[in-house]
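Presented below is the structure to which this report refers.
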Amino acid sequence: MATQYGQYGDYGDYGSYGDRSRQGEVPGAGSGERRRHRLPAALRAPVEARAWREFAYVLLSLPISIVLFTFAVTMLSVGAGLLVTFLGVPVLAAGLAACRGFGSVERARARGLLGLDVATPEPLRPRGKGAMSWMGAVLRSGTSWRHVLYAVLHLPWAVFSFSVAITFWVYGWATLTYPLWFWLFPLYGGQGGLQLYGDDGHRVYLDNPFEITVTALVGLLFTLATPWIVRALTTVDRVMVHGLLGPSRLASRVVELESDRGVVVDTAAADLRRIERDLHDGAQARLVALAMDLGLAKEKLREDPREAARMVDEAHGEVKTALQELRDLARGIHPAVLTDRGLDAALSSVASRCTVPVQVEVDLVERPAAAIEGIAYFTVSELLQNVSKHSGARSAAVDVWRVDERLMVQVSDDGVGGADASGGSGLAGLAGRLDAVDGILVVDSPAGGPTRVTAELPWRRGQ
């Protein structure tokens, strides 16, 4: 259903449309625009620093992989052979620990040459003190064995990538620069040029201007293609480093859940402080003043009934104001209409208090879980309050629908744009709330508008 609302109201200040920084701006660029290259990427790739760093990574991979493979296989063989005695356990533990150290070197090399930032895996957690506990932790750690697997698997790949990269790189630059060093063959080689074909009775040399030019053009093609071939080779290295030398998926999930739990605790504490502050500075202060006014009116009742009636009438107005503040405070926590009638009615109520007309459309066959429903309501409330205070819009729209196992919430307006979820704005806090429940906040707000903010929440069926 779609409904239009245009009443005036004020619902707080949580967002930040005031930051007009451009989306996708290059850090440090004074003009706020991406640097434009005169040459396309395909032509400038062979001379870019990134291509040379990736080539250096491939060249270094071969000697490093030989050392890692030799060490890992030797330590595993010796340790496994000595397992019939007690010496096999410390040898295996020492080999695994050393492979973890080599993994740190490989992560640093990938970070410096490939720009791949892989987090450090989870540390060892011995169950007790002493060498035996440490050795047991090393042998039980899946991270240690993944480092060994990397040392074993990376050598054949390093041999292949080294051979391919060095072949394309050398042949490409050699044939591209063939017109510059062609004179070496007749002067020092005793032949007419680079030999293309030869047998006992016939030889073909690349020695005339046409053949030299064609050779250089072929070399140009090789040179232009080599950086992309090397980049494809290093993509496999990226996958291996990230998958085998980084933290496991379970450990990453644990860290993420711990971070989300901290966000939830901080958000709950901030909400409690806000509620306490609003009660203390608002309704509580009015109720105290009301009690004093009623006490004065009681004293004036016999002496001056007319004045007492006036004071009671003022106190009645204060009661209405205090009740309205309490309703607004309760509505900001979890409105009764949301519990009783669901998102459609609750969002329509929020939209009615926005300063611009808002079209609300909720397309849900069933209600989500109460927690997800509350977060969706809170998200729309804050985004609409941003529209009221910062957007300068003439109209807005709220759309809620379900896609598979995700609840989609979108708030759009035709205002001035420039909303930014980075930094310390209210949108950043809202993104943190959504992230705590595996949600996502996407802000599309170019300077000049329009603005479209989409929140994606996990769908959980209501009870």
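Ordering of the structure tokens sets the chain letters (A, B, ...); residue numbers start at 1 within each chain; ligands are numbered from 1 in the order shown.
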Nearby residues (only C-alpha atoms) at most 8 Å from Glu405 (chain A), same-chain spacing under 5 positions excluded, as a list of chain:residue names: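 Here the answer would be A:Pro458, A:Trp459, A:Arg460.
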